[in-house]
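Chemist: Contents of target-v5.tsv (TSV, C-alpha atoms):
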```tsv
chain	number	residue	atom	x	y	z
A	1	MET	CA	-0.80	-17.85	23.67
A	2	LYS	CA	1.04	-20.80	25.15
A	3	SER	CA	4.63	-20.43	26.28
A	4	SER	CA	7.42	-22.95	26.57
A	5	PRO	CA	9.27	-22.91	29.92
A	6	THR	CA	12.54	-23.49	28.07
A	7	ASN	CA	12.03	-20.83	25.43
A	8	LYS	CA	9.79	-18.02	26.68
A	9	THR	CA	9.78	-15.25	24.11
A	10	VAL	CA	8.39	-11.71	24.19
A	11	ALA	CA	7.74	-9.77	21.01
A	12	ILE	CA	7.89	-5.97	20.96
A	13	VAL	CA	6.18	-4.48	17.90
A	14	LEU	CA	6.95	-0.81	17.30
A	15	GLY	CA	4.30	1.46	15.84
A	16	ALA	CA	4.96	4.80	17.51
A	17	GLY	CA	6.30	6.63	14.46
A	18	LYS	CA	4.28	8.99	12.29
A	19	GLY	CA	5.48	7.74	8.91
A	20	SER	CA	5.80	11.25	7.45
A	21	ARG	CA	7.90	9.99	4.53
A	22	SER	CA	4.93	7.98	3.25
A	23	ASP	CA	3.05	11.18	2.25
A	24	LEU	CA	-0.22	9.47	3.22
A	25	GLY	CA	-1.31	12.36	5.41
A	26	TYR	CA	-1.86	10.04	8.38
A	27	ASN	CA	0.03	7.40	10.36
A	28	LYS	CA	1.04	4.64	7.93
A	29	MET	CA	0.36	2.07	10.66
A	30	PHE	CA	-3.33	2.58	9.92
A	31	PHE	CA	-2.99	1.99	6.18
A	32	PRO	CA	-5.57	-0.68	5.29
A	33	MET	CA	-4.42	-4.09	4.08
A	34	GLY	CA	-7.68	-5.82	3.26
A	35	GLU	CA	-9.68	-6.15	6.46
A	36	LYS	CA	-6.71	-5.23	8.66
A	37	THR	CA	-4.34	-2.30	9.02
A	38	VAL	CA	-0.56	-2.45	8.64
A	39	ILE	CA	0.00	-2.65	12.39
A	40	GLN	CA	-2.66	-5.33	12.86
A	41	THR	CA	-1.18	-7.42	10.07
A	42	ALA	CA	2.32	-7.13	11.54
A	43	VAL	CA	1.24	-7.93	15.10
A	44	ASP	CA	-0.82	-10.95	14.07
A	45	LYS	CA	2.27	-12.58	12.54
A	46	PHE	CA	3.62	-12.94	16.09
A	47	ARG	CA	0.61	-14.84	17.40
A	48	ILE	CA	2.42	-18.18	17.46
A	49	PRO	CA	2.89	-20.70	20.32
A	50	GLU	CA	6.58	-19.85	20.67
A	51	ILE	CA	5.73	-16.30	21.78
A	52	SER	CA	4.23	-15.91	25.24
A	53	GLU	CA	3.68	-12.15	25.26
A	54	ILE	CA	3.32	-9.34	22.73
A	55	ILE	CA	3.88	-5.68	23.56
A	56	VAL	CA	2.62	-3.10	21.06
A	57	VAL	CA	4.19	0.35	21.21
A	58	ALA	CA	2.07	3.21	19.85
A	59	ALA	CA	2.33	6.98	19.64
A	60	GLN	CA	0.69	8.75	22.57
A	61	SER	CA	-1.85	10.36	20.21
A	62	ASP	CA	-2.82	6.93	18.82
A	63	LEU	CA	-2.85	5.06	22.12
A	64	CYS	CA	-6.61	4.73	22.56
A	65	ARG	CA	-7.14	3.63	18.99
A	66	VAL	CA	-4.38	1.01	19.09
A	67	LYS	CA	-5.61	-0.31	22.45
A	68	ALA	CA	-9.02	-0.81	20.86
A	69	MET	CA	-7.36	-2.80	18.05
A	70	PHE	CA	-5.62	-5.12	20.50
A	71	PRO	CA	-7.83	-5.60	23.56
A	72	ASP	CA	-6.01	-8.84	24.45
A	73	LEU	CA	-2.49	-7.36	24.31
A	74	THR	CA	-0.43	-4.85	26.26
A	75	VAL	CA	-0.23	-1.51	24.44
A	76	ILE	CA	2.07	1.22	25.75
A	77	ALA	CA	3.01	4.72	24.64
A	78	GLY	CA	6.31	5.08	22.82
A	79	GLY	CA	8.94	7.79	23.04
A	80	LYS	CA	10.11	10.51	20.70
A	81	THR	CA	12.54	8.19	18.90
A	82	ARG	CA	12.64	4.52	17.99
A	83	SER	CA	15.32	3.81	20.60
A	84	ASP	CA	13.26	5.58	23.27
A	85	SER	CA	10.26	3.42	22.37
A	86	VAL	CA	12.28	0.22	22.74
A	87	ARG	CA	13.63	1.44	26.09
A	88	ARG	CA	10.09	2.09	27.33
A	89	ALA	CA	8.98	-1.40	26.29
A	90	LEU	CA	11.94	-3.03	28.01
A	91	GLU	CA	11.33	-0.96	31.15
A	92	HIS	CA	7.71	-2.11	31.10
A	93	LEU	CA	8.99	-5.69	31.12
A	94	GLU	CA	11.42	-5.01	33.97
A	95	SER	CA	9.73	-7.32	36.44
A	96	LYS	CA	9.37	-10.16	33.95
A	97	SER	CA	11.73	-12.85	32.76
A	98	PHE	CA	12.04	-14.18	29.25
A	99	LYS	CA	14.67	-16.12	27.38
A	100	VAL	CA	14.36	-14.22	24.08
A	101	ALA	CA	13.13	-10.75	23.13
A	102	LEU	CA	12.08	-9.97	19.57
A	103	ILE	CA	11.96	-6.35	18.42
A	104	HIS	CA	10.05	-5.68	15.21
A	105	ASP	CA	9.13	-2.61	13.19
A	106	GLY	CA	5.37	-2.53	12.72
A	107	ALA	CA	5.93	-1.11	9.23
A	108	ARG	CA	7.10	-4.58	8.13
A	109	PRO	CA	3.75	-6.39	7.81
A	110	PHE	CA	5.02	-8.97	5.28
A	111	VAL	CA	7.37	-10.76	7.67
A	112	SER	CA	6.83	-14.52	7.61
A	113	GLN	CA	6.33	-16.71	10.65
A	114	LYS	CA	9.08	-18.92	9.27
A	115	LEU	CA	11.56	-16.04	9.68
A	116	ILE	CA	10.18	-15.23	13.14
A	117	ARG	CA	10.74	-18.80	14.26
A	118	LYS	CA	14.25	-18.83	12.77
A	119	VAL	CA	15.14	-15.65	14.66
A	120	ILE	CA	13.80	-17.08	17.93
A	121	LYS	CA	15.73	-20.35	17.52
A	122	THR	CA	19.01	-18.63	16.61
A	123	ALA	CA	18.74	-15.99	19.34
A	124	ALA	CA	18.06	-18.70	21.93
A	125	ALA	CA	21.15	-20.61	20.83
A	126	SER	CA	23.56	-17.74	20.02
A	127	GLY	CA	22.37	-14.81	22.08
A	128	SER	CA	21.18	-12.80	19.07
A	129	ALA	CA	19.76	-13.12	15.57
A	130	ILE	CA	19.65	-10.29	13.02
A	131	PRO	CA	18.01	-11.02	9.65
A	132	VAL	CA	20.10	-9.50	6.86
A	133	LEU	CA	20.02	-9.32	3.06
A	134	PRO	CA	22.98	-8.99	0.70
A	135	VAL	CA	23.51	-5.55	-0.83
A	136	VAL	CA	22.96	-5.58	-4.60
A	137	ASP	CA	23.79	-1.95	-5.40
A	138	ALA	CA	27.22	-0.34	-5.34
A	139	LEU	CA	27.56	1.47	-2.01
A	140	LYS	CA	28.99	4.98	-1.89
A	141	GLU	CA	29.84	7.34	0.91
A	142	VAL	CA	28.41	10.71	-0.14
A	143	SER	CA	28.78	14.21	1.29
A	144	ASP	CA	27.98	17.65	-0.15
A	145	GLY	CA	26.63	16.01	-3.29
A	146	TYR	CA	29.86	14.17	-4.12
A	147	ILE	CA	30.95	10.55	-3.78
A	148	ARG	CA	33.82	10.46	-1.34
A	149	THR	CA	34.57	6.74	-1.36
A	150	THR	CA	33.21	3.38	-2.48
A	151	LEU	CA	32.39	0.90	0.26
A	152	VAL	CA	33.17	-2.80	0.00
A	153	ARG	CA	29.86	-4.38	-0.91
A	154	ASP	CA	30.85	-7.93	0.03
A	155	VAL	CA	31.18	-7.03	3.73
A	156	THR	CA	27.97	-5.00	3.98
A	157	ALA	CA	24.37	-6.09	4.46
A	158	CYS	CA	20.87	-4.66	4.87
A	159	ALA	CA	19.40	-5.39	8.30
A	160	GLN	CA	15.73	-6.23	8.82
A	161	THR	CA	13.48	-6.99	11.75
A	162	PRO	CA	12.47	-8.86	13.84
A	163	GLN	CA	15.80	-8.76	15.60
A	164	GLY	CA	16.12	-11.29	18.37
A	165	PHE	CA	18.25	-11.15	21.52
A	166	GLU	CA	18.76	-12.93	24.78
A	167	PHE	CA	16.34	-10.98	26.94
A	168	MET	CA	18.72	-9.96	29.73
A	169	ARG	CA	21.46	-8.97	27.26
A	170	ILE	CA	19.30	-6.57	25.26
A	171	ARG	CA	17.91	-5.06	28.47
A	172	ARG	CA	21.45	-4.50	29.68
A	173	ALA	CA	22.54	-3.11	26.31
A	174	TYR	CA	19.78	-0.49	26.26
A	175	ALA	CA	20.43	0.42	29.88
A	176	LEU	CA	24.10	1.09	29.07
A	177	THR	CA	23.53	3.23	25.96
A	178	ILE	CA	22.18	6.74	25.60
A	179	GLY	CA	20.87	8.32	22.41
A	180	GLU	CA	19.24	7.22	19.17
A	181	PHE	CA	20.55	4.32	17.09
A	182	ALA	CA	19.83	2.90	13.65
A	183	ASP	CA	18.46	-0.34	15.07
A	184	ASP	CA	18.69	-2.70	18.00
A	185	SER	CA	21.72	-4.56	16.68
A	186	GLU	CA	23.71	-1.31	16.85
A	187	VAL	CA	22.79	-0.92	20.52
A	188	TYR	CA	23.75	-4.54	21.09
A	189	GLU	CA	27.05	-4.09	19.24
A	190	ARG	CA	27.98	-0.88	21.08
A	191	SER	CA	27.49	-2.74	24.36
A	192	GLY	CA	30.26	-5.16	23.46
A	193	TYR	CA	28.31	-8.01	21.90
A	194	ASP	CA	28.70	-9.50	18.41
A	195	PRO	CA	25.27	-9.69	16.74
A	196	LYS	CA	24.69	-13.00	14.98
A	197	THR	CA	23.10	-12.81	11.52
A	198	VAL	CA	20.56	-15.02	9.79
A	199	PRO	CA	19.32	-14.80	6.18
A	200	GLY	CA	16.47	-12.30	5.84
A	201	GLU	CA	13.62	-12.27	3.34
A	202	PHE	CA	13.32	-10.06	0.26
A	203	SER	CA	9.56	-9.98	0.81
A	204	ASN	CA	10.02	-8.54	4.30
A	205	VAL	CA	9.98	-4.94	3.08
A	206	LYS	CA	9.50	-1.91	5.27
A	207	LEU	CA	6.69	0.40	4.16
A	208	THR	CA	8.32	3.82	4.10
A	209	TYR	CA	7.94	5.88	0.92
A	210	PRO	CA	4.85	6.54	-1.27
A	211	HIS	CA	5.83	3.91	-3.85
A	212	ASP	CA	5.87	1.26	-1.11
A	213	PHE	CA	2.11	1.67	-0.85
A	214	MET	CA	1.66	0.99	-4.58
A	215	ARG	CA	2.36	-2.71	-4.21
A	216	ALA	CA	0.34	-5.49	-5.81
A	217	GLU	CA	-1.03	-6.36	-2.38
A	218	PHE	CA	-2.83	-3.01	-2.29
A	219	MET	CA	-3.90	-3.05	-5.94
A	220	SER	CA	-7.26	-3.89	-7.48
A	221	VAL	CA	-8.37	-4.16	-11.09
A	222	GLY	CA	-11.70	-3.19	-12.63
A	223	TYR	CA	-13.12	-3.95	-16.07
A	224	GLY	CA	-15.74	-2.00	-18.00
A	225	PHE	CA	-17.60	-2.53	-21.26
A	226	ASP	CA	-20.26	-0.54	-23.05
A	227	VAL	CA	-21.88	-0.31	-26.48
A	228	HIS	CA	-24.27	2.25	-28.01
A	229	GLN	CA	-26.15	2.55	-31.27
A	230	LEU	CA	-25.22	5.17	-33.86
A	231	ARG	CA	-28.08	7.48	-34.94
A	232	GLU	CA	-28.45	10.57	-37.06
A	233	GLY	CA	-29.03	13.90	-35.37
A	234	ARG	CA	-26.78	13.08	-32.42
A	235	PRO	CA	-23.25	14.44	-31.73
A	236	LEU	CA	-20.48	11.85	-31.59
A	237	ILE	CA	-18.62	12.27	-28.31
A	238	LEU	CA	-15.86	9.87	-27.28
A	239	GLY	CA	-13.72	10.35	-24.21
A	240	GLY	CA	-15.16	13.82	-23.77
A	241	VAL	CA	-14.03	14.83	-27.27
A	242	THR	CA	-16.56	15.82	-29.94
A	243	ILE	CA	-15.71	14.14	-33.23
A	244	PRO	CA	-17.10	15.36	-36.58
A	245	TYR	CA	-19.29	12.60	-38.03
A	246	GLU	CA	-22.64	12.21	-39.70
A	247	ARG	CA	-24.08	10.24	-36.79
A	248	GLY	CA	-23.70	10.15	-33.04
A	249	LEU	CA	-24.27	7.70	-30.22
A	250	TYR	CA	-27.75	7.24	-28.83
A	251	GLY	CA	-28.49	6.98	-25.13
A	252	HIS	CA	-30.10	8.57	-22.07
A	253	SER	CA	-27.01	10.71	-21.48
A	254	ASP	CA	-24.70	11.98	-24.22
A	255	ALA	CA	-23.89	8.26	-24.74
A	256	ASP	CA	-20.10	8.68	-24.61
A	257	VAL	CA	-19.39	4.96	-24.82
A	258	LEU	CA	-15.70	5.36	-24.03
A	259	ILE	CA	-16.31	7.28	-20.80
A	260	HIS	CA	-19.05	4.84	-19.84
A	261	ALA	CA	-16.64	1.91	-20.11
A	262	VAL	CA	-14.06	3.85	-18.09
A	263	ILE	CA	-16.65	4.69	-15.42
A	264	ASP	CA	-17.52	1.02	-15.01
A	265	ALA	CA	-13.82	0.13	-14.83
A	266	VAL	CA	-12.91	2.68	-12.15
A	267	LEU	CA	-16.02	1.89	-10.10
A	268	ALA	CA	-15.29	-1.84	-10.29
A	269	SER	CA	-11.67	-1.28	-9.24
A	270	ALA	CA	-12.96	0.29	-6.02
A	271	GLY	CA	-15.53	-2.44	-5.45
A	272	LEU	CA	-18.43	-0.10	-6.20
A	273	PRO	CA	-21.68	-0.77	-8.13
A	274	ASP	CA	-21.65	-0.11	-11.88
A	275	ILE	CA	-22.79	2.92	-13.86
A	276	GLY	CA	-26.35	1.63	-14.18
A	277	VAL	CA	-26.74	1.56	-10.39
A	278	ASN	CA	-25.04	4.89	-9.74
A	279	PHE	CA	-26.53	6.80	-12.70
A	280	PRO	CA	-29.65	4.89	-13.86
A	281	ASP	CA	-31.11	5.74	-17.27
A	282	THR	CA	-34.54	5.84	-15.64
A	283	ASP	CA	-33.60	8.95	-13.66
A	284	PRO	CA	-34.55	12.17	-15.50
A	285	GLN	CA	-31.67	14.11	-13.90
A	286	TYR	CA	-29.26	12.21	-16.16
A	287	LYS	CA	-31.15	12.94	-19.38
A	288	ASP	CA	-28.61	14.27	-21.93
A	289	ILE	CA	-26.05	14.83	-19.16
A	290	SER	CA	-22.41	15.02	-20.14
A	291	SER	CA	-20.66	11.73	-19.44
A	292	ALA	CA	-17.66	13.79	-18.35
A	293	VAL	CA	-19.76	14.97	-15.40
A	294	LEU	CA	-20.67	11.36	-14.60
A	295	LEU	CA	-16.99	10.37	-14.64
A	296	GLU	CA	-16.14	13.21	-12.24
A	297	ARG	CA	-18.88	11.99	-9.88
A	298	ALA	CA	-17.67	8.42	-10.21
A	299	MET	CA	-14.14	9.55	-9.29
A	300	SER	CA	-15.52	11.26	-6.18
A	301	ALA	CA	-17.14	7.97	-5.19
A	302	VAL	CA	-13.90	6.08	-5.81
A	303	LYS	CA	-11.96	8.54	-3.65
A	304	LYS	CA	-14.57	8.38	-0.89
A	305	ALA	CA	-14.32	4.58	-0.94
A	306	GLY	CA	-10.61	4.91	-0.25
A	307	TYR	CA	-9.05	4.23	-3.64
A	308	ARG	CA	-6.79	6.12	-6.01
A	309	VAL	CA	-6.84	5.26	-9.70
A	310	GLY	CA	-3.31	4.58	-10.91
A	311	SER	CA	-3.86	3.87	-14.61
A	312	VAL	CA	-6.53	3.24	-17.22
A	313	SER	CA	-6.32	1.41	-20.54
A	314	ALA	CA	-9.24	1.60	-22.98
A	315	THR	CA	-10.07	0.40	-26.50
A	316	VAL	CA	-12.77	1.77	-28.80
A	317	VAL	CA	-14.24	-0.65	-31.33
A	318	ALA	CA	-15.61	1.23	-34.36
A	319	GLU	CA	-15.67	0.73	-38.11
A	320	ALA	CA	-15.96	4.49	-38.67
A	321	PRO	CA	-15.05	7.27	-38.31
A	322	ARG	CA	-11.26	7.08	-38.21
A	323	LEU	CA	-10.30	7.85	-34.60
A	324	ALA	CA	-6.51	8.03	-34.76
A	325	PRO	CA	-6.41	11.86	-35.10
A	326	TYR	CA	-8.37	12.21	-31.84
A	327	ILE	CA	-6.58	9.69	-29.61
A	328	VAL	CA	-4.21	12.23	-28.02
A	329	ARG	CA	-7.09	14.53	-27.12
A	330	MET	CA	-9.11	11.62	-25.70
A	331	ARG	CA	-6.19	10.61	-23.48
A	332	ALA	CA	-5.73	14.16	-22.22
A	333	SER	CA	-9.45	14.54	-21.57
A	334	LEU	CA	-9.73	11.28	-19.65
A	335	ALA	CA	-6.57	12.00	-17.66
A	336	ALA	CA	-7.92	15.37	-16.57
A	337	LEU	CA	-11.27	13.88	-15.54
A	338	ILE	CA	-9.66	11.00	-13.63
A	339	GLY	CA	-7.00	13.21	-12.08
A	340	ILE	CA	-3.90	11.33	-13.23
A	341	ASN	CA	-1.06	12.02	-15.64
A	342	LYS	CA	-1.95	11.37	-19.28
A	343	ASP	CA	1.00	8.96	-19.45
A	344	LYS	CA	-1.11	6.70	-17.23
A	345	VAL	CA	-4.02	6.70	-19.70
A	346	SER	CA	-3.96	4.53	-22.80
A	347	VAL	CA	-6.60	4.78	-25.54
A	348	SER	CA	-6.55	2.70	-28.70
A	349	ALA	CA	-9.00	2.18	-31.55
A	350	THR	CA	-9.72	-0.93	-33.58
A	351	THR	CA	-12.36	-2.50	-35.81
A	352	SER	CA	-14.23	-5.76	-35.32
A	353	GLU	CA	-12.97	-7.23	-38.62
A	354	ASN	CA	-16.38	-7.41	-40.32
A	355	LEU	CA	-18.02	-9.21	-37.39
A	356	GLY	CA	-21.06	-7.98	-35.49
A	357	ALA	CA	-23.00	-4.73	-35.28
A	358	THR	CA	-19.95	-2.49	-34.97
A	359	ALA	CA	-18.59	-3.87	-38.25
A	360	GLU	CA	-21.90	-3.02	-39.90
A	361	GLY	CA	-21.62	0.56	-38.63
A	362	LYS	CA	-24.64	0.23	-36.38
A	363	GLY	CA	-22.82	1.16	-33.20
A	364	ILE	CA	-19.59	1.72	-31.31
A	365	ALA	CA	-18.30	-0.31	-28.38
A	366	ALA	CA	-15.59	0.37	-25.80
A	367	LYS	CA	-13.67	-1.69	-23.26
A	368	ALA	CA	-11.61	-0.37	-20.35
A	369	VAL	CA	-9.43	-1.67	-17.55
A	370	ALA	CA	-8.55	0.42	-14.47
A	371	ILE	CA	-5.92	-0.27	-11.83
A	372	SER	CA	-6.54	1.34	-8.46
A	373	TYR	CA	-4.68	1.40	-5.18
A	374	ARG	CA	-6.17	1.27	-1.73
A	375	VAL	CA	-5.58	4.54	0.10
A	376	ILE	CA	-8.12	5.16	2.83
A	377	PRO	CA	-11.78	6.17	3.11
A	378	GLU	CA	-12.24	9.92	3.58
A	379	ASN	CA	-14.18	9.41	6.81
A	380	GLU	CA	-11.66	7.05	8.43
A	381	ASN	CA	-8.37	7.45	10.24
A	382	ARG	CA	-8.91	11.07	11.21
A	383	GLN	CA	-7.46	11.91	14.58
```
What's the structure tokens form of this structure?
Modeler:
Amino acid sequence: MKSSPTNKTVAIVLGAGKGSRSDLGYNKMFFPMGEKTVIQTAVDKFRIPEISEIIVVAAQSDLCRVKAMFPDLTVIAGGKTRSDSVRRALEHLESKSFKVALIHDGARPFVSQKLIRKVIKTAAASGSAIPVLPVVDALKEVSDGYIRTTLVRDVTACAQTPQGFEFMRIRRAYALTIGEFADDSEVYERSGYDPKTVPGEFSNVKLTYPHDFMRAEFMSVGYGFDVHQLREGRPLILGGVTIPYERGLYGHSDADVLIHAVIDAVLASAGLPDIGVNFPDTDPQYKDISSAVLLERAMSAVKKAGYRVGSVSATVVAEAPRLAPYIVRMRASLAALIGINKDKVSVSATTSENLGATAEGKGIAAKAVAISYRVIPENENRQ
């Protein structure tokens, strides 16, 4: 990275927390975002010419792993609190001289380089730059479960990172303060400075709670379709529910066309091969097997690949029998097999309006769409 002699900037990216509020079961910094993790995505945003050095702060237990992620950068162990981690980073830089220091939470991987540059420019000119957003909700002071007072919304703001400061000022501010603080601007303020604000970005969210990891950026969609012939002497099974009818669906397994479409959808949403690859009809072990068993195995593969199915929507195309009385049971059956709430499973039935084989009563078709969220492969990110 090239540095400018008139505007040398150091970026400190904090990733030493455990992220327990995320309920991921592991450090949220290692949550995958495509080919990179959260911390890698955040750090890479600071690889711009205006920044001459990047310091990554990691938990002691994650130090070796984070160092392997950033062989070209300085990685140090953080402290017990956020403020302690910043202090350690500033102490590490004690012998160096910069014009501006940026301090950024690694859990904000969506920060734009436009905002980073704006913070650098403002901090260089004004001594500090704190990105803030207007508060849209009514703010209340609450204690013991009761609202004690209403705060004036027009004079409040939500602070983001990166927060930029004149390097020597923020070093001095942290040296003069003891304890844990909400952010770096509070340390700066308590040291007698007035933090300058700049407009933040609504997209610059901090990944904190479980719903934060259900964003579109982590979502994938899969589509499935299947069709089977109707034949006498076979049971009619749809969505794991046996339906009284004079004919049933023909196939190598129990030919549950609805489950087959769902299997293809959930497998596709996790980037996995389709039902024909995973459970080929040339394999005798799948002869007359329950499709419910196949769906359970497919879900195991999806989980192992690091995905969690969030919702499924399916449509059965059949001229007969009438399926409306069985829809609720189908939804409940599919939800149980997939492992999600039945409110996240939609099943509908329709006809093909006198067009094609299904209209002639020769078969039944099904279509399904599954939405999955990237979680983590079972064999990764284990300390």
Chemist: Which of these, A:Met168, A:Gly361, A:Pro134, A:Gly25, has the shortest distance to Val155 in chain A once you count all atoms listed in the file?
Modeler: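 Once distances to Val155 in chain A are computed over all atoms listed in the file, the minimum belongs to A:Pro134.
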Chemist: So, with all atoms listed in the file as the atoms that count, which of A:Leu73, A:Ala58, A:Val375, A:Leu133 lies closest to Phe213 in chain A?
Modeler: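 Checking each of A:Leu73, A:Ala58, A:Val375, A:Leu133 against Phe213 in chain A, counting all atoms listed in the file, the winner is A:Val375.
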Chemist: Which of these, A:Ser313, A:Thr197, A:Ser85, A:Ser203, has the shortest distance to Gly179 in chain A once you count only C-alpha atoms?
Modeler: A:Ser85
Chemist: With the cut-off set at 10 Å and counting all atoms listed in the file, tabulate each residue of range 164-272 of chain A with an atom at most that distance from an atom of range 288-299 of chain A, showing the nearest atom pair and its distance in Å to one decimal, ordered by chain and increasing number, as CSV.
Modeler:
```
residue,atom,partner,partner_atom,distance
A:Ile237,CA,A:Ser291,CA,9.1
A:Leu238,CA,A:Ser291,CA,9.4
A:Gly239,CA,A:Ala292,CA,7.9
A:Gly240,CA,A:Ala292,CA,6.0
A:Val241,CA,A:Ala292,CA,9.7
A:Tyr250,CA,A:Asp288,CA,9.9
A:Gly251,CA,A:Asp288,CA,8.0
A:His252,CA,A:Asp288,CA,5.9
A:Ser253,CA,A:Asp288,CA,3.9
A:Asp254,CA,A:Asp288,CA,5.1
A:Ala255,CA,A:Ser291,CA,7.1
A:Asp256,CA,A:Ser291,CA,6.0
A:Val257,CA,A:Ser291,CA,8.7
A:Leu258,CA,A:Ser291,CA,9.3
A:Ile259,CA,A:Ser291,CA,6.4
A:His260,CA,A:Ser291,CA,7.1
A:Val262,CA,A:Leu295,CA,7.9
A:Ile263,CA,A:Leu295,CA,5.7
A:Asp264,CA,A:Ala298,CA,8.8
A:Val266,CA,A:Met299,CA,7.5
A:Leu267,CA,A:Ala298,CA,6.7
A:Ala270,CA,A:Met299,CA,9.9
A:Leu272,CA,A:Ala298,CA,9.4
```
Chemist: What does the distance between CA of Lys367 in chain A and CA of Met214 in chain A come to in Å, to one decimal place?
Modeler: 24.3 Å
Chemist: Write out as a ChimeraX atom specification the residues lying within 7 Å of Arg88 in chain A, counting all atoms listed in the file and excluding same-chain residues fewer than 4 positions away.
Modeler: /A:78,84,92
Chemist: Those same residues, written as an mmCIF file, in the frame of the given file with C-alpha atoms?
Modeler:
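Listing of result_31.cif after writing:
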```cif
data_model
loop_
_atom_site.group_PDB
_atom_site.id
_atom_site.type_symbol
_atom_site.label_atom_id
_atom_site.label_comp_id
_atom_site.auth_asym_id
_atom_site.auth_seq_id
_atom_site.Cartn_x
_atom_site.Cartn_y
_atom_site.Cartn_z
ATOM 1 C CA GLY A 78 6.310 5.080 22.820
ATOM 2 C CA ASP A 84 13.260 5.580 23.270
ATOM 3 C CA HIS A 92 7.710 -2.110 31.100
#
```
Chemist: Hey, which of A:Met29, A:Ile364, A:Ala336, A:Pro195 ends up closest to Leu323 in chain A? Count all atoms listed in the file.
Modeler: A:Ile364
Chemist: Could you list, as a list in words, every residue within 6 Å of Glu166 in chain A, counting all atoms listed in the file and ignoring same-chain residues fewer than 4 positions away?
Modeler: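 Using all atoms listed in the file, the neighbours found are Lys99, Val100 and Gly127 of chain A.
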Chemist: Expressed in Å to a single decimal, how great is the separation between CA of Ser348 in chain A and CA of Ala324 in chain A?
Modeler: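 Separation of CA of Ser348 in chain A and CA of Ala324 in chain A: 8.1 Å.
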Chemist: So, with all atoms listed in the file as the atoms that count, which of A:Ile55, A:Val227, A:Val221, A:Ala159 lies closest to Tyr373 in chain A?
Modeler: A:Val221
